[in-house]
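**Q** Before anything else, here's the structure in question.
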Amino acid sequence: MAFSYNNDGEQQQARRGRGFRFTPKLLVIGILLIVVILTLSTGFFVVDQTEQAVILRFGKYLKTVGPGLQFKIPFGVDKSYSVETQTVQTMSFGYRATAAGNLAGSSTKYNYSKYMDESTMLTGDLNIVDIQWIVQYRIDDPYKWLFKLNNPAQTISDLSRSVMNQLVGDLPILSIMTSERTSMEVEAQEKLQATLDSYEMGVKIVTVKLQDIVPPAGDVQDAFEDVNKAIQDMNKYINEGKENYNRVIPAAEGEASKVIQEAQGYASERVNTATGDVARFRSVLEEYQKSPDITAQRLYIETMEDVLAPGGNLTVIDKNLESFLPLMNLTKEGN
């Protein structure tokens with residue numbers, strides 16, 4: 001029994017040794033599994049629908065890929081940088097939003113006091129004015145955005161302030177607050193875009209929008225508000241006048257055109273009638289010149305036919321007849 005027991009223990013020990021034996025084949029398989037896992041985890045990446053990804057190989061630009069599942073060489077050979085290219089980003093100048101409104105009805109709060117250095121400017125007629133505006137832009141080329149400038153967002157901010165200061169410095173304060181507002185927005189967008197293109201930043205300016213223009217405080221501000229109100233009233237009266245003009249003038253022009261057309265039609269009718277009469281007279285004249293007696297007699301007969309037309313109530317009396325009483329048709333009613 002003891003021999004049998006020892007034999008069974010040795011067999012179990014031998015089986016355990018064969019089950020956990022480490023071989024080179026298992027080492028290779030393990031390494032391959034690790035490589036596959038690392039490749040899958042670091043080689044494949046997803047680019048969002050609003051993004052584009054820039055891929056560098058050993059630090060050098062390789063390509064730009066769009067949204068979807070993409071592949072790069074893992075283990076640090078390729079590196080990808082995702083950039084928002086479909087989202088319109090906004091920069092504000094002269095103020096910042098400190099708390100956004102919610103569904104309960106609270107409004108967005110803004111901070112103006114900390115950003116007076118951005119909004120305070122000197123106009124062309126040496127007045128101080130506070131201007132708040134926004135710049136909306138979209139990244140058009142992610143490679144240029146990442147590698148052409150060190151801090152592109154700060155560059156956009158500095159250039160926007162520079163362009164706005166230049167425009168404000170070229171205009172009087174009254175024009176800035178009234179008539180030149182729209183043209184300033186358009187010109188600021190064009191100048192800012194041209195400068196960014198010269199820097200090759202890969203940015204597309206969507207819009208430049210002036211938010212608020214505040215004149216100097218105190219009595220000067222009250223005076224500018226009065227001027228602004230007067231200009232609004234003037235524009236109101238001008239619009240009312242244009243409305244009245246557009247209502248009355250077309251009707252008068254239509255009536256005048258109608259009268260002119262009627263006069264032209266009447267003139268054409270008279271000219272055509274006169275032309276026809278002249279043609280008939282010439283034809284009669286030619287016949288008269290050929291045989292005056294016959295032509296004169298024919299004209300007399302035709303004239304008498306018109307005078308003595310059938311259905312007429314005409315009585316011809318010899319002028320030499322004496323003692324004639326007009327007692328004709330005594331039985332006819334009305335006589």
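A note on labels: chains of the structure tokens are A, B, ... as shown, every chain counts residues from 1, and ligands are counted from 1 in their shown order.
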Got a sec: who's within 10 Å of segment 43-56 of chain A, counting only C-alpha atoms, leaving out chain neighbours fewer than 3 positions off, as a PyMOL selection string?

**A** chain A and resi 36-40+59-87+139-143+146

**Q** Which residues are near Ala97 of chain A? Cut-off 12 Å, only C-alpha atoms, ignore same chain within fewer than 3 positions. Put them as a list in words.

**A**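 Result of the neighbour search: Thr90, Met91, Ser92, Phe93, Gly94, Ala100, Gly101, Ser107, Thr108, Lys109, Tyr110, Asn111, Tyr112, Ser113, Lys114 and Tyr115 of chain A.
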
**Q** Please produce a file of those selected residues containing C-alpha atoms, as a short mmCIF file (atom, residue, chain, number, x, y, z; two decimals), in the first residue's frame.

**A**
```
data_model
loop_
_atom_site.label_atom_id
_atom_site.label_comp_id
_atom_site.auth_asym_id
_atom_site.auth_seq_id
_atom_site.Cartn_x
_atom_site.Cartn_y
_atom_site.Cartn_z
CA THR A 90 -16.54 83.58 -30.67
CA MET A 91 -14.27 86.18 -29.09
CA SER A 92 -15.76 89.08 -27.16
CA PHE A 93 -14.05 92.41 -26.58
CA GLY A 94 -14.89 94.89 -23.84
CA ALA A 100 -25.04 81.84 -18.42
CA GLY A 101 -28.80 81.93 -18.16
CA SER A 107 -30.41 86.09 -17.85
CA THR A 108 -26.76 85.90 -18.76
CA LYS A 109 -24.51 88.14 -16.65
CA TYR A 110 -21.58 90.08 -18.08
CA ASN A 111 -18.51 91.71 -16.64
CA TYR A 112 -17.47 95.01 -18.21
CA SER A 113 -15.28 96.65 -15.59
CA LYS A 114 -12.25 94.38 -16.03
CA TYR A 115 -12.04 94.87 -19.80
#
```

**Q** Using only C-alpha atoms, determine which residues lie at most 7 Å from segment 189-192 of chain A, disregarding the query and same-chain residues fewer than 5 positions distant; provide the list as a PyMOL selection string.

**A** chain A and resi 159-160+163+205+207-208

**Q** Leaving out segment 166-172 of chain A and any residue of its chain fewer than 4 positions from it, which residues lie within 9 Å of it when counting only C-alpha atoms, given as a PyMOL selection string?

**A** chain A and resi 121-127+129+161-162+176-177+180+184+187-188

**Q** In Å, how far is it from atom CA of Lys290 of chain A to atom CA of Asn272 of chain A?

**A**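 Separation between atom CA of Lys290 of chain A and atom CA of Asn272 of chain A: 27.4 Å.
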
**Q** DSSP on the backbone, then: every residue of segment 36-224 of chain A marked strand (DSSP E), written as a ChimeraX atom specification.

**A** /A:44-47,51-57,60-65,68-71,78-84,89-93,96-99,109-111,120-122,128-139,203-214

**Q** Please provide the set of residues having any atom within 6 Å of Arg138 of chain A, restricted to only C-alpha atoms, with same-chain residues fewer than 4 positions apart removed, written as JSON, numbers by chain.

**A** {"A": [88, 203, 204]}

**Q** May I have all residues of segment 72-285 of chain A that DSSP, computed from the backbone, assigns to helix (DSSP H, G or I), given as a count of residues only?

**A** 122

**Q** So the first atom is atom CA of Ile249 of chain A and the second is atom CA of Tyr237 of chain A; what is the distance between them in Å, to one decimal place?

**A** 17.6 Å

**Q** In Å, rounded to a single decimal, give me how far atom CA of Arg181 of chain A is from atom CA of Met234 of chain A.

**A**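 Spanning atom CA of Met234 of chain A to atom CA of Arg181 of chain A is a straight-line distance of 17.4 Å.
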